[in-house]
$ cat query-v7.cif   # mmCIF, N, CA and C atoms and all ligand atoms
data_data
#
loop_
_atom_site.label_atom_id
_atom_site.label_comp_id
_atom_site.auth_asym_id
_atom_site.auth_seq_id
_atom_site.Cartn_x
_atom_site.Cartn_y
_atom_site.Cartn_z
N MET C 1 107.41 74.79 89.53
CA MET C 1 106.20 74.03 89.87
C MET C 1 106.27 72.64 89.24
N ASN C 2 106.72 71.68 89.95
CA ASN C 2 106.69 70.27 89.55
C ASN C 2 107.30 69.93 88.20
N GLY C 3 108.43 70.52 87.90
CA GLY C 3 109.14 70.15 86.68
C GLY C 3 108.40 70.41 85.40
N ALA C 4 107.42 71.27 85.46
CA ALA C 4 106.70 71.59 84.22
C ALA C 4 107.56 72.55 83.39
N ALA C 5 107.79 72.20 82.14
CA ALA C 5 108.56 73.06 81.24
C ALA C 5 107.61 73.92 80.42
N VAL C 6 107.88 75.21 80.41
CA VAL C 6 106.97 76.14 79.71
C VAL C 6 107.30 76.16 78.22
N GLN C 7 106.30 75.88 77.40
CA GLN C 7 106.49 75.85 75.94
C GLN C 7 106.09 77.17 75.30
N LYS C 8 105.16 77.86 75.93
CA LYS C 8 104.59 79.07 75.34
C LYS C 8 103.89 79.82 76.46
N SER C 9 104.00 81.14 76.45
CA SER C 9 103.28 81.87 77.49
C SER C 9 102.81 83.23 76.98
N ALA C 10 101.79 83.75 77.64
CA ALA C 10 101.25 85.07 77.30
C ALA C 10 100.64 85.67 78.54
N THR C 11 100.74 86.98 78.67
CA THR C 11 100.14 87.65 79.82
C THR C 11 99.08 88.64 79.32
N LEU C 12 97.90 88.53 79.90
CA LEU C 12 96.76 89.37 79.49
C LEU C 12 96.31 90.24 80.66
N GLU C 13 95.94 91.46 80.36
CA GLU C 13 95.39 92.36 81.37
C GLU C 13 93.95 91.95 81.69
N ILE C 14 93.59 92.11 82.95
CA ILE C 14 92.19 91.88 83.33
C ILE C 14 91.66 93.11 84.05
N ARG C 15 90.81 93.85 83.38
CA ARG C 15 90.23 95.05 84.00
C ARG C 15 88.71 95.07 83.96
N SER C 16 88.15 94.39 82.98
CA SER C 16 86.71 94.52 82.75
C SER C 16 86.10 93.17 82.40
N GLY C 17 84.79 93.19 82.29
CA GLY C 17 84.06 92.00 81.86
C GLY C 17 84.49 91.55 80.48
N GLU C 18 84.80 92.50 79.62
CA GLU C 18 85.27 92.16 78.26
C GLU C 18 86.58 91.38 78.32
N ASP C 19 87.46 91.78 79.24
CA ASP C 19 88.73 91.06 79.40
C ASP C 19 88.48 89.63 79.86
N ILE C 20 87.47 89.46 80.70
CA ILE C 20 87.16 88.11 81.18
C ILE C 20 86.69 87.24 80.01
N VAL C 21 85.87 87.82 79.13
CA VAL C 21 85.41 87.10 77.94
C VAL C 21 86.62 86.68 77.10
N ARG C 22 87.54 87.61 76.92
CA ARG C 22 88.74 87.35 76.11
C ARG C 22 89.59 86.25 76.74
N ILE C 23 89.72 86.28 78.06
CA ILE C 23 90.49 85.24 78.74
C ILE C 23 89.83 83.87 78.57
N ARG C 24 88.52 83.85 78.69
CA ARG C 24 87.80 82.59 78.45
C ARG C 24 88.12 82.04 77.07
N GLN C 25 88.08 82.93 76.06
CA GLN C 25 88.34 82.51 74.67
C GLN C 25 89.77 82.00 74.51
N GLU C 26 90.73 82.73 75.08
CA GLU C 26 92.14 82.33 74.97
C GLU C 26 92.38 81.00 75.67
N VAL C 27 91.84 80.86 76.87
CA VAL C 27 92.05 79.62 77.63
C VAL C 27 91.42 78.44 76.88
N ARG C 28 90.28 78.67 76.30
CA ARG C 28 89.63 77.60 75.48
C ARG C 28 90.57 77.21 74.33
N ALA C 29 91.07 78.22 73.61
CA ALA C 29 91.93 77.95 72.45
C ALA C 29 93.21 77.21 72.86
N TRP C 30 93.83 77.67 73.94
CA TRP C 30 95.07 77.02 74.40
C TRP C 30 94.80 75.60 74.87
N SER C 31 93.66 75.37 75.50
CA SER C 31 93.37 74.02 75.98
C SER C 31 93.09 73.08 74.81
N VAL C 32 92.50 73.60 73.74
CA VAL C 32 92.32 72.80 72.52
C VAL C 32 93.69 72.45 71.96
N GLU C 33 94.57 73.45 71.90
CA GLU C 33 95.93 73.24 71.38
C GLU C 33 96.70 72.18 72.19
N GLN C 34 96.41 72.13 73.48
CA GLN C 34 97.10 71.15 74.34
C GLN C 34 96.46 69.78 74.26
N GLY C 35 95.38 69.67 73.49
CA GLY C 35 94.74 68.38 73.29
C GLY C 35 93.74 68.00 74.37
N PHE C 36 93.26 68.98 75.13
CA PHE C 36 92.30 68.70 76.19
C PHE C 36 90.97 68.19 75.60
N SER C 37 90.34 67.29 76.33
CA SER C 37 88.99 66.84 75.96
C SER C 37 88.02 68.01 76.17
N LEU C 38 86.85 67.90 75.59
CA LEU C 38 85.84 68.97 75.73
C LEU C 38 85.51 69.21 77.20
N VAL C 39 85.42 68.13 77.96
CA VAL C 39 85.11 68.26 79.40
C VAL C 39 86.24 69.02 80.12
N ASP C 40 87.48 68.66 79.81
CA ASP C 40 88.61 69.34 80.46
C ASP C 40 88.75 70.79 80.00
N GLN C 41 88.42 71.03 78.76
CA GLN C 41 88.41 72.43 78.27
C GLN C 41 87.46 73.25 79.12
N THR C 42 86.28 72.71 79.31
CA THR C 42 85.24 73.44 80.05
C THR C 42 85.65 73.63 81.51
N LYS C 43 86.30 72.63 82.07
CA LYS C 43 86.75 72.76 83.46
C LYS C 43 87.73 73.91 83.61
N ILE C 44 88.72 73.98 82.76
CA ILE C 44 89.73 75.01 82.95
C ILE C 44 89.19 76.39 82.55
N VAL C 45 88.30 76.43 81.58
CA VAL C 45 87.68 77.71 81.22
C VAL C 45 86.82 78.22 82.39
N THR C 46 86.11 77.32 83.02
CA THR C 46 85.26 77.71 84.16
C THR C 46 86.12 78.22 85.32
N ALA C 47 87.20 77.51 85.60
CA ALA C 47 88.10 77.93 86.67
C ALA C 47 88.71 79.30 86.35
N ALA C 48 89.13 79.47 85.10
CA ALA C 48 89.74 80.74 84.67
C ALA C 48 88.76 81.88 84.82
N SER C 49 87.53 81.62 84.46
CA SER C 49 86.49 82.62 84.53
C SER C 49 86.28 83.10 85.97
N GLU C 50 86.23 82.16 86.89
CA GLU C 50 86.03 82.49 88.31
C GLU C 50 87.20 83.30 88.86
N LEU C 51 88.42 82.88 88.51
CA LEU C 51 89.59 83.57 89.04
C LEU C 51 89.75 84.95 88.41
N ALA C 52 89.43 85.05 87.13
CA ALA C 52 89.50 86.35 86.46
C ALA C 52 88.47 87.31 87.06
N ARG C 53 87.31 86.78 87.36
CA ARG C 53 86.27 87.62 87.96
C ARG C 53 86.70 88.12 89.34
N ASN C 54 87.32 87.25 90.12
CA ASN C 54 87.81 87.69 91.43
C ASN C 54 88.87 88.78 91.28
N THR C 55 89.71 88.62 90.26
CA THR C 55 90.76 89.62 90.02
C THR C 55 90.14 91.00 89.78
N VAL C 56 89.05 91.03 89.04
CA VAL C 56 88.38 92.30 88.76
C VAL C 56 87.61 92.78 90.00
N THR C 57 86.78 91.89 90.55
CA THR C 57 85.86 92.29 91.62
C THR C 57 86.58 92.65 92.91
N TYR C 58 87.53 91.81 93.30
CA TYR C 58 88.16 92.00 94.62
C TYR C 58 89.57 92.57 94.51
N GLY C 59 90.23 92.29 93.40
CA GLY C 59 91.62 92.72 93.26
C GLY C 59 91.77 94.06 92.57
N GLY C 60 90.66 94.58 92.03
CA GLY C 60 90.72 95.86 91.33
C GLY C 60 91.43 95.77 89.99
N GLY C 61 91.48 94.57 89.43
CA GLY C 61 92.15 94.34 88.14
C GLY C 61 93.53 93.76 88.34
N GLY C 62 94.09 93.24 87.27
CA GLY C 62 95.40 92.60 87.36
C GLY C 62 95.76 91.93 86.06
N THR C 63 96.44 90.80 86.18
CA THR C 63 96.87 90.09 84.97
C THR C 63 96.58 88.60 85.07
N ALA C 64 96.49 87.99 83.90
CA ALA C 64 96.40 86.54 83.80
C ALA C 64 97.55 86.08 82.92
N LYS C 65 98.36 85.17 83.45
CA LYS C 65 99.43 84.59 82.64
C LYS C 65 99.01 83.18 82.22
N LEU C 66 99.06 82.93 80.94
CA LEU C 66 98.74 81.60 80.41
C LEU C 66 100.05 80.93 80.04
N GLU C 67 100.22 79.69 80.44
CA GLU C 67 101.42 78.94 80.08
C GLU C 67 101.06 77.53 79.62
N ALA C 68 101.49 77.22 78.42
CA ALA C 68 101.37 75.85 77.92
C ALA C 68 102.61 75.12 78.43
N VAL C 69 102.41 74.04 79.18
CA VAL C 69 103.53 73.34 79.80
C VAL C 69 103.57 71.87 79.40
N THR C 70 104.75 71.29 79.57
CA THR C 70 104.89 69.85 79.38
C THR C 70 105.70 69.28 80.54
N ASN C 71 105.47 68.02 80.82
CA ASN C 71 106.30 67.29 81.78
C ASN C 71 106.52 65.93 81.15
N GLY C 72 107.65 65.78 80.49
CA GLY C 72 107.83 64.59 79.66
C GLY C 72 106.84 64.67 78.50
N THR C 73 106.03 63.65 78.39
CA THR C 73 105.04 63.64 77.29
C THR C 73 103.70 64.21 77.73
N ARG C 74 103.60 64.56 79.02
CA ARG C 74 102.35 65.09 79.55
C ARG C 74 102.21 66.56 79.21
N ARG C 75 101.05 66.94 78.73
CA ARG C 75 100.83 68.35 78.40
C ARG C 75 99.80 68.96 79.34
N GLY C 76 100.01 70.23 79.66
CA GLY C 76 99.09 70.89 80.58
C GLY C 76 99.01 72.37 80.32
N LEU C 77 98.15 72.98 81.10
CA LEU C 77 97.95 74.42 81.00
C LEU C 77 98.01 75.00 82.42
N ARG C 78 98.90 75.99 82.58
CA ARG C 78 99.00 76.66 83.87
C ARG C 78 98.51 78.09 83.71
N LEU C 79 97.69 78.53 84.64
CA LEU C 79 97.13 79.89 84.61
C LEU C 79 97.44 80.57 85.93
N THR C 80 97.97 81.78 85.85
CA THR C 80 98.33 82.51 87.07
C THR C 80 97.66 83.88 87.04
N PHE C 81 96.86 84.13 88.06
CA PHE C 81 96.12 85.39 88.18
C PHE C 81 96.75 86.21 89.29
N GLU C 82 97.06 87.45 88.98
CA GLU C 82 97.76 88.30 89.95
C GLU C 82 97.12 89.66 90.03
N ASP C 83 96.99 90.17 91.23
CA ASP C 83 96.52 91.54 91.40
C ASP C 83 97.26 92.21 92.54
N LYS C 84 97.16 93.54 92.56
CA LYS C 84 97.77 94.32 93.64
C LYS C 84 96.68 94.93 94.50
N GLY C 85 95.66 94.14 94.75
CA GLY C 85 94.52 94.58 95.54
C GLY C 85 94.80 94.45 97.04
N PRO C 86 93.72 94.41 97.83
CA PRO C 86 93.83 94.43 99.29
C PRO C 86 94.35 93.14 99.91
N GLY C 87 94.35 92.06 99.13
CA GLY C 87 94.77 90.77 99.69
C GLY C 87 93.63 90.08 100.43
N ILE C 88 93.88 88.84 100.83
CA ILE C 88 92.86 88.02 101.51
C ILE C 88 93.32 87.79 102.94
N PRO C 89 92.54 88.26 103.93
CA PRO C 89 92.96 88.14 105.33
C PRO C 89 93.08 86.69 105.81
N ASP C 90 92.14 85.84 105.38
CA ASP C 90 92.12 84.45 105.85
C ASP C 90 91.89 83.53 104.64
N ILE C 91 92.96 82.96 104.14
CA ILE C 91 92.86 82.17 102.90
C ILE C 91 92.02 80.91 103.11
N ASN C 92 92.19 80.25 104.26
CA ASN C 92 91.39 79.04 104.50
C ASN C 92 89.90 79.33 104.49
N LEU C 93 89.54 80.46 105.06
CA LEU C 93 88.13 80.87 105.07
C LEU C 93 87.66 81.17 103.65
N ALA C 94 88.48 81.89 102.91
CA ALA C 94 88.11 82.27 101.54
C ALA C 94 87.93 81.04 100.65
N LEU C 95 88.61 79.94 101.01
CA LEU C 95 88.52 78.71 100.21
C LEU C 95 87.31 77.85 100.58
N LYS C 96 86.58 78.24 101.63
CA LYS C 96 85.41 77.45 102.05
C LYS C 96 84.26 77.66 101.08
N ASP C 97 83.60 76.57 100.72
CA ASP C 97 82.40 76.65 99.89
C ASP C 97 81.39 77.59 100.53
N GLY C 98 80.92 78.54 99.77
CA GLY C 98 79.85 79.42 100.25
C GLY C 98 80.33 80.67 100.95
N TYR C 99 81.64 80.79 101.19
CA TYR C 99 82.13 82.00 101.86
C TYR C 99 82.33 83.11 100.84
N THR C 100 81.68 84.23 101.09
CA THR C 100 81.87 85.41 100.24
C THR C 100 81.84 86.67 101.07
N THR C 101 82.63 87.65 100.67
CA THR C 101 82.51 88.96 101.28
C THR C 101 81.76 89.90 100.33
N GLY C 102 81.34 89.34 99.20
CA GLY C 102 80.62 90.14 98.21
C GLY C 102 79.21 89.63 98.04
N THR C 103 78.76 89.62 96.80
CA THR C 103 77.38 89.19 96.52
C THR C 103 77.38 87.89 95.72
N GLY C 104 78.56 87.26 95.64
CA GLY C 104 78.66 86.01 94.86
C GLY C 104 78.17 84.81 95.64
N LEU C 105 78.40 83.63 95.08
CA LEU C 105 77.97 82.39 95.74
C LEU C 105 79.07 81.82 96.63
N GLY C 106 80.24 82.41 96.58
CA GLY C 106 81.34 81.90 97.39
C GLY C 106 81.86 80.55 96.92
N LEU C 107 81.73 80.30 95.63
CA LEU C 107 82.16 79.01 95.08
C LEU C 107 83.28 79.14 94.05
N GLY C 108 83.80 80.36 93.92
CA GLY C 108 84.80 80.60 92.87
C GLY C 108 86.14 79.97 93.17
N LEU C 109 86.72 80.31 94.31
CA LEU C 109 88.04 79.77 94.67
C LEU C 109 87.97 78.27 94.89
N SER C 110 86.97 77.84 95.66
CA SER C 110 86.86 76.41 95.96
C SER C 110 86.57 75.62 94.68
N GLY C 111 85.74 76.20 93.81
CA GLY C 111 85.43 75.54 92.54
C GLY C 111 86.66 75.44 91.66
N ALA C 112 87.41 76.53 91.57
CA ALA C 112 88.62 76.53 90.74
C ALA C 112 89.61 75.49 91.25
N ARG C 113 89.69 75.35 92.56
CA ARG C 113 90.59 74.35 93.13
C ARG C 113 90.16 72.93 92.74
N ARG C 114 88.85 72.68 92.85
CA ARG C 114 88.34 71.34 92.49
C ARG C 114 88.52 71.02 91.01
N LEU C 115 88.46 72.05 90.18
CA LEU C 115 88.53 71.84 88.73
C LEU C 115 89.97 71.71 88.22
N SER C 116 90.93 71.88 89.14
CA SER C 116 92.34 71.87 88.73
C SER C 116 93.05 70.65 89.32
N ASN C 117 94.19 70.32 88.75
CA ASN C 117 95.03 69.26 89.31
C ASN C 117 95.99 69.82 90.34
N GLU C 118 96.39 71.08 90.15
CA GLU C 118 97.26 71.75 91.12
C GLU C 118 96.71 73.14 91.35
N PHE C 119 96.80 73.59 92.59
CA PHE C 119 96.22 74.89 92.96
C PHE C 119 97.12 75.54 94.00
N TYR C 120 97.54 76.75 93.73
CA TYR C 120 98.41 77.48 94.67
C TYR C 120 97.83 78.87 94.86
N ILE C 121 97.82 79.32 96.10
CA ILE C 121 97.34 80.68 96.35
C ILE C 121 98.28 81.35 97.35
N SER C 122 98.63 82.58 97.08
CA SER C 122 99.36 83.36 98.08
C SER C 122 98.81 84.77 98.05
N SER C 123 98.75 85.36 99.22
CA SER C 123 98.13 86.66 99.33
C SER C 123 98.73 87.38 100.52
N LYS C 124 98.96 88.68 100.34
CA LYS C 124 99.50 89.47 101.44
C LYS C 124 98.62 90.70 101.59
N LEU C 125 98.21 90.96 102.81
CA LEU C 125 97.35 92.11 103.07
C LEU C 125 98.02 93.39 102.61
N GLY C 126 97.29 94.16 101.85
CA GLY C 126 97.81 95.43 101.35
C GLY C 126 98.74 95.30 100.16
N GLU C 127 99.04 94.07 99.76
CA GLU C 127 99.97 93.88 98.63
C GLU C 127 99.34 93.22 97.42
N GLY C 128 98.48 92.24 97.68
CA GLY C 128 97.81 91.61 96.56
C GLY C 128 97.70 90.11 96.69
N THR C 129 97.23 89.52 95.60
CA THR C 129 96.89 88.09 95.60
C THR C 129 97.39 87.45 94.31
N ARG C 130 97.89 86.22 94.46
CA ARG C 130 98.26 85.44 93.28
C ARG C 130 97.66 84.05 93.40
N VAL C 131 96.95 83.63 92.39
CA VAL C 131 96.39 82.28 92.36
C VAL C 131 96.88 81.61 91.09
N SER C 132 97.41 80.41 91.26
CA SER C 132 97.94 79.68 90.12
C SER C 132 97.29 78.30 90.07
N ILE C 133 96.82 77.92 88.89
CA ILE C 133 96.24 76.58 88.74
C ILE C 133 96.92 75.87 87.58
N LEU C 134 96.93 74.56 87.67
CA LEU C 134 97.48 73.77 86.58
C LEU C 134 96.55 72.61 86.33
N ARG C 135 96.23 72.41 85.07
CA ARG C 135 95.44 71.24 84.69
C ARG C 135 96.22 70.45 83.66
N TRP C 136 96.42 69.17 83.93
CA TRP C 136 97.09 68.29 82.97
C TRP C 136 96.06 67.68 82.05
N LYS C 137 96.51 67.36 80.83
CA LYS C 137 95.64 66.69 79.87
C LYS C 137 95.28 65.31 80.42
N1 LIG P 1 91.81 88.42 94.24
C1 LIG P 1 91.22 88.57 95.43
N2 LIG P 1 91.55 89.63 96.24
C2 LIG P 1 90.97 89.79 97.44
N3 LIG P 1 90.02 88.96 97.93
C3 LIG P 1 89.65 87.91 97.19
C4 LIG P 1 90.22 87.65 95.90
N4 LIG P 1 89.67 86.52 95.41
C5 LIG P 1 88.81 86.10 96.33
N5 LIG P 1 88.77 86.91 97.41
C6 LIG P 1 87.99 86.74 98.65
O1 LIG P 1 87.59 85.40 98.74
C7 LIG P 1 86.17 85.32 98.81
C8 LIG P 1 85.70 84.03 98.13
O2 LIG P 1 85.92 84.11 96.73
P1 LIG P 1 85.05 83.20 95.77
O3 LIG P 1 85.13 81.79 96.27
O4 LIG P 1 85.44 83.45 94.36
O5 LIG P 1 83.55 83.68 96.04
P2 LIG P 1 82.77 85.00 95.56
O6 LIG P 1 83.51 85.58 94.37
O7 LIG P 1 81.42 84.49 95.20
O8 LIG P 1 82.77 85.92 96.72
C9 LIG P 1 85.67 86.59 98.18
O9 LIG P 1 84.38 86.93 98.61
C10 LIG P 1 86.73 87.58 98.65
O10 LIG P 1 86.50 87.99 99.97
MG MG P 2 84.49 84.64 92.95
#

$ encode --input "query-v7.cif" --output "structure tokens"
Amino acid sequence: MNGAAVQKSATLEIRSGEDIVRIRQEVRAWSVEQGFSLVDQTKIVTAASELARNTVTYGGGGTAKLEAVTNGTRRGLRLTFEDKGPGIPDINLALKDGYTTGTGLGLGLSGARRLSNEFYISSKLGEGTRVSILRWK
């Protein structure tokens, strides 16, 4: 992904609301370590929270990989959420503001995309979903 060199990484399980809290805390800590401003910390924590929630709600649980990356002197944080759930039939539709198949606001995926500098999603029906975001300092 764009010549980003991984300096440190960790993979966390996401099964419950408690795991989501833990991911929020870890992402906050890693973003502080990467020198993110308070505003940027909050952006990536918010995005992580939405994606982790989707992993639990729609994916039936999965993992979050945190990666501290650099590109030259630029520092960033890449987060990858993966599940082996049902997958997303129409990704473009799922990315539309307000689209939900659940009881949410339908702003999670679209919000996470807006809050990130890079956003990648791949999903296969019956196999699962992977969403990766990167935010540079
Ligand atoms: N990991 C996932 N697995 C399967 N479907 C998903 C996943 N993440 C999102 N979706 C689908 O995309 C829709 C939009 O997600 P999102 O924007 O977070 O809104 P919300 O969570 O409020 O429904 C969800 O309602 C769901 O249908
Ligand atoms: Mg959501």

$ residues_near_ligand --input "query-v7.cif" --ligand "ligand LIG 1 (chain P)" --cutoff "5 Å" --atoms "all atoms listed in the file" --output "list in words"
Asn54, Thr55, Tyr58, Gly59, Gly87, Ile88, Ala94, Tyr99, Thr100, Thr101, Gly102, Gly104, Leu105, Gly106, Leu107, Gly108, Leu109 and Ser110 of chain C

$ axis_aligned_box --input "query-v7.cif" --around "region 71-86 of chain C" --padding-each-side "8 Å" --output "lines of an AutoDock Vina configuration file"
center_x = 100.8
center_y = 79.3
center_z = 88.6
size_x = 30.1
size_y = 47.3
size_z = 38.6

$ residues_near_point --input "query-v7.cif" --point "(89.9, 93.1, 82.5)" --cutoff "9 Å" --atoms "only C-alpha atoms" --output "list in words"
Leu12, Glu13, Ile14, Arg15, Ser16, Gly17, Glu18, Asp19, Ile20, Val21, Arg22, Ile23, Ala52, Arg53, Thr55, Val56, Gly61, Gly62 and Thr63 of chain C

$ residues_around --input "query-v7.cif" --residues "Gly111 (chain C)" --least-positions-apart "4" --cutoff "7 Å" --atoms "all atoms listed in the file" --output "ChimeraX atom specification"
/C:46-47,97,106-107,115-116

$ closest_residue --input "query-v7.cif" --among "C:Asn71, C:Ser49, C:Asn117, C:Ser31" --to "ligand MG 2 (chain P)" --atoms "all atoms listed in the file"
C:Ser49

$ select_by_dssp --input "query-v7.cif" --residues "chain C" --states "helix (DSSP H, G or I)" --output "ChimeraX atom specification"
/C:17-33,38-57,91-94,108-114

$ closest_residue --input "query-v7.cif" --among "C:Leu77, C:Leu125, C:Val27, C:Ala48" --to "ligand MG 2 (chain P)" --atoms "only C-alpha atoms and all ligand atoms"
C:Ala48

$ closest_residue --input "query-v7.cif" --among "C:Lys124, C:Arg113, C:Arg74, C:Arg28" --to "ligand MG 2 (chain P)" --atoms "only C-alpha atoms and all ligand atoms"
C:Arg113

$ closest_residue --input "query-v7.cif" --among "C:Val39, C:Leu51, C:Leu93, C:Ala68" --to "ligand MG 2 (chain P)" --atoms "only C-alpha atoms and all ligand atoms"
C:Leu51

$ atom_distance --input "query-v7.cif" --atom1 "atom N of Val45 (chain C)" --atom2 "CA of Ile121 (chain C)"
17.8 Å

$ atom_distance --input "query-v7.cif" --atom1 "CA of Thr70 (chain C)" --atom2 "CA of Trp136 (chain C)"
8.7 Å

$ residues_near_point --input "query-v7.cif" --point "(91.5, 73.7, 75.4)" --cutoff "10 Å" --atoms "only C-alpha atoms" --output "ChimeraX atom specification"
/C:25-45,76-77,137

$ write_last_selection --input "query-v7.cif" --atoms "N, CA and C atoms" --output "mmCIF file, in the frame of the given file"
data_model
loop_
_atom_site.group_PDB
_atom_site.id
_atom_site.type_symbol
_atom_site.label_atom_id
_atom_site.label_comp_id
_atom_site.auth_asym_id
_atom_site.auth_seq_id
_atom_site.Cartn_x
_atom_site.Cartn_y
_atom_site.Cartn_z
ATOM 1 N N GLN C 25 88.080 82.930 76.060
ATOM 2 C CA GLN C 25 88.340 82.510 74.670
ATOM 3 C C GLN C 25 89.770 82.000 74.510
ATOM 4 N N GLU C 26 90.730 82.730 75.080
ATOM 5 C CA GLU C 26 92.140 82.330 74.970
ATOM 6 C C GLU C 26 92.380 81.000 75.670
ATOM 7 N N VAL C 27 91.840 80.860 76.870
ATOM 8 C CA VAL C 27 92.050 79.620 77.630
ATOM 9 C C VAL C 27 91.420 78.440 76.880
ATOM 10 N N ARG C 28 90.280 78.670 76.300
ATOM 11 C CA ARG C 28 89.630 77.600 75.480
ATOM 12 C C ARG C 28 90.570 77.210 74.330
ATOM 13 N N ALA C 29 91.070 78.220 73.610
ATOM 14 C CA ALA C 29 91.930 77.950 72.450
ATOM 15 C C ALA C 29 93.210 77.210 72.860
ATOM 16 N N TRP C 30 93.830 77.670 73.940
ATOM 17 C CA TRP C 30 95.070 77.020 74.400
ATOM 18 C C TRP C 30 94.800 75.600 74.870
ATOM 19 N N SER C 31 93.660 75.370 75.500
ATOM 20 C CA SER C 31 93.370 74.020 75.980
ATOM 21 C C SER C 31 93.090 73.080 74.810
ATOM 22 N N VAL C 32 92.500 73.600 73.740
ATOM 23 C CA VAL C 32 92.320 72.800 72.520
ATOM 24 C C VAL C 32 93.690 72.450 71.960
ATOM 25 N N GLU C 33 94.570 73.450 71.900
ATOM 26 C CA GLU C 33 95.930 73.240 71.380
ATOM 27 C C GLU C 33 96.700 72.180 72.190
ATOM 28 N N GLN C 34 96.410 72.130 73.480
ATOM 29 C CA GLN C 34 97.100 71.150 74.340
ATOM 30 C C GLN C 34 96.460 69.780 74.260
ATOM 31 N N GLY C 35 95.380 69.670 73.490
ATOM 32 C CA GLY C 35 94.740 68.380 73.290
ATOM 33 C C GLY C 35 93.740 68.000 74.370
ATOM 34 N N PHE C 36 93.260 68.980 75.130
ATOM 35 C CA PHE C 36 92.300 68.700 76.190
ATOM 36 C C PHE C 36 90.970 68.190 75.600
ATOM 37 N N SER C 37 90.340 67.290 76.330
ATOM 38 C CA SER C 37 88.990 66.840 75.960
ATOM 39 C C SER C 37 88.020 68.010 76.170
ATOM 40 N N LEU C 38 86.850 67.900 75.590
ATOM 41 C CA LEU C 38 85.840 68.970 75.730
ATOM 42 C C LEU C 38 85.510 69.210 77.200
ATOM 43 N N VAL C 39 85.420 68.130 77.960
ATOM 44 C CA VAL C 39 85.110 68.260 79.400
ATOM 45 C C VAL C 39 86.240 69.020 80.120
ATOM 46 N N ASP C 40 87.480 68.660 79.810
ATOM 47 C CA ASP C 40 88.610 69.340 80.460
ATOM 48 C C ASP C 40 88.750 70.790 80.000
ATOM 49 N N GLN C 41 88.420 71.030 78.760
ATOM 50 C CA GLN C 41 88.410 72.430 78.270
ATOM 51 C C GLN C 41 87.460 73.250 79.120
ATOM 52 N N THR C 42 86.280 72.710 79.310
ATOM 53 C CA THR C 42 85.240 73.440 80.050
ATOM 54 C C THR C 42 85.650 73.630 81.510
ATOM 55 N N LYS C 43 86.300 72.630 82.070
ATOM 56 C CA LYS C 43 86.750 72.760 83.460
ATOM 57 C C LYS C 43 87.730 73.910 83.610
ATOM 58 N N ILE C 44 88.720 73.980 82.760
ATOM 59 C CA ILE C 44 89.730 75.010 82.950
ATOM 60 C C ILE C 44 89.190 76.390 82.550
ATOM 61 N N VAL C 45 88.300 76.430 81.580
ATOM 62 C CA VAL C 45 87.680 77.710 81.220
ATOM 63 C C VAL C 45 86.820 78.220 82.390
ATOM 64 N N GLY C 76 100.010 70.230 79.660
ATOM 65 C CA GLY C 76 99.090 70.890 80.580
ATOM 66 C C GLY C 76 99.010 72.370 80.320
ATOM 67 N N LEU C 77 98.150 72.980 81.100
ATOM 68 C CA LEU C 77 97.950 74.420 81.000
ATOM 69 C C LEU C 77 98.010 75.000 82.420
ATOM 70 N N LYS C 137 96.510 67.360 80.830
ATOM 71 C CA LYS C 137 95.640 66.690 79.870
ATOM 72 C C LYS C 137 95.280 65.310 80.420
#

$ select_by_dssp --input "query-v7.cif" --residues "region 53-107 of chain C" --states "strand (DSSP E or B)" --output "list in words"
Gly62, Thr63, Ala64, Lys65, Leu66, Glu67, Ala68, Val69, Thr70, Asn71, Arg74, Arg75, Gly76, Leu77, Arg78, Leu79, Thr80, Phe81, Glu82 and Asp83 of chain C

$ closest_residue --input "query-v7.cif" --among "C:Glu50, C:Ala112, C:Arg24, C:Gly60" --to "ligand MG 2 (chain P)" --atoms "only C-alpha atoms and all ligand atoms"
C:Glu50

$ atom_distance --input "query-v7.cif" --atom1 "CA of Arg135 (chain C)" --atom2 "CA of Ala10 (chain C)"
16.7 Å

$ closest_residue --input "query-v7.cif" --among "C:Asp83, C:Ser123, C:Thr57, C:Val6" --to "ligand MG 2 (chain P)" --atoms "only C-alpha atoms and all ligand atoms"
C:Thr57

$ residues_around --input "query-v7.cif" --residues "Lys8 (chain C)" --least-positions-apart "3" --cutoff "7 Å" --atoms "all atoms listed in the file" --output "list in words"
Ala5, Leu66, Glu67, Ala68 and Val69 of chain C

$ build_atoms --input "query-v7.cif" --residues "region 81-86 of chain C" --atoms "N, CA, C and O atoms" --output "PDB file, keeping the file's coordinate frame"
ATOM      1  N   PHE C  81      96.860  84.130  88.060  1.00  0.00           N
ATOM      2  CA  PHE C  81      96.120  85.390  88.180  1.00  0.00           C
ATOM      3  C   PHE C  81      96.750  86.210  89.290  1.00  0.00           C
ATOM      4  O   PHE C  81      96.924  85.721  90.407  1.00  0.00           O
ATOM      5  N   GLU C  82      97.060  87.450  88.980  1.00  0.00           N
ATOM      6  CA  GLU C  82      97.760  88.300  89.950  1.00  0.00           C
ATOM      7  C   GLU C  82      97.120  89.660  90.030  1.00  0.00           C
ATOM      8  O   GLU C  82      96.733  90.238  89.005  1.00  0.00           O
ATOM      9  N   ASP C  83      96.990  90.170  91.230  1.00  0.00           N
ATOM     10  CA  ASP C  83      96.520  91.540  91.400  1.00  0.00           C
ATOM     11  C   ASP C  83      97.260  92.210  92.540  1.00  0.00           C
ATOM     12  O   ASP C  83      97.922  91.551  93.338  1.00  0.00           O
ATOM     13  N   LYS C  84      97.160  93.540  92.560  1.00  0.00           N
ATOM     14  CA  LYS C  84      97.770  94.320  93.640  1.00  0.00           C
ATOM     15  C   LYS C  84      96.680  94.930  94.500  1.00  0.00           C
ATOM     16  O   LYS C  84      96.776  96.077  94.931  1.00  0.00           O
ATOM     17  N   GLY C  85      95.660  94.140  94.750  1.00  0.00           N
ATOM     18  CA  GLY C  85      94.520  94.580  95.540  1.00  0.00           C
ATOM     19  C   GLY C  85      94.800  94.450  97.040  1.00  0.00           C
ATOM     20  O   GLY C  85      95.943  94.348  97.463  1.00  0.00           O
ATOM     21  N   PRO C  86      93.720  94.410  97.830  1.00  0.00           N
ATOM     22  CA  PRO C  86      93.830  94.430  99.290  1.00  0.00           C
ATOM     23  C   PRO C  86      94.350  93.140  99.910  1.00  0.00           C
ATOM     24  O   PRO C  86      94.754  93.133 101.081  1.00  0.00           O
TER      25      PRO C  86
END
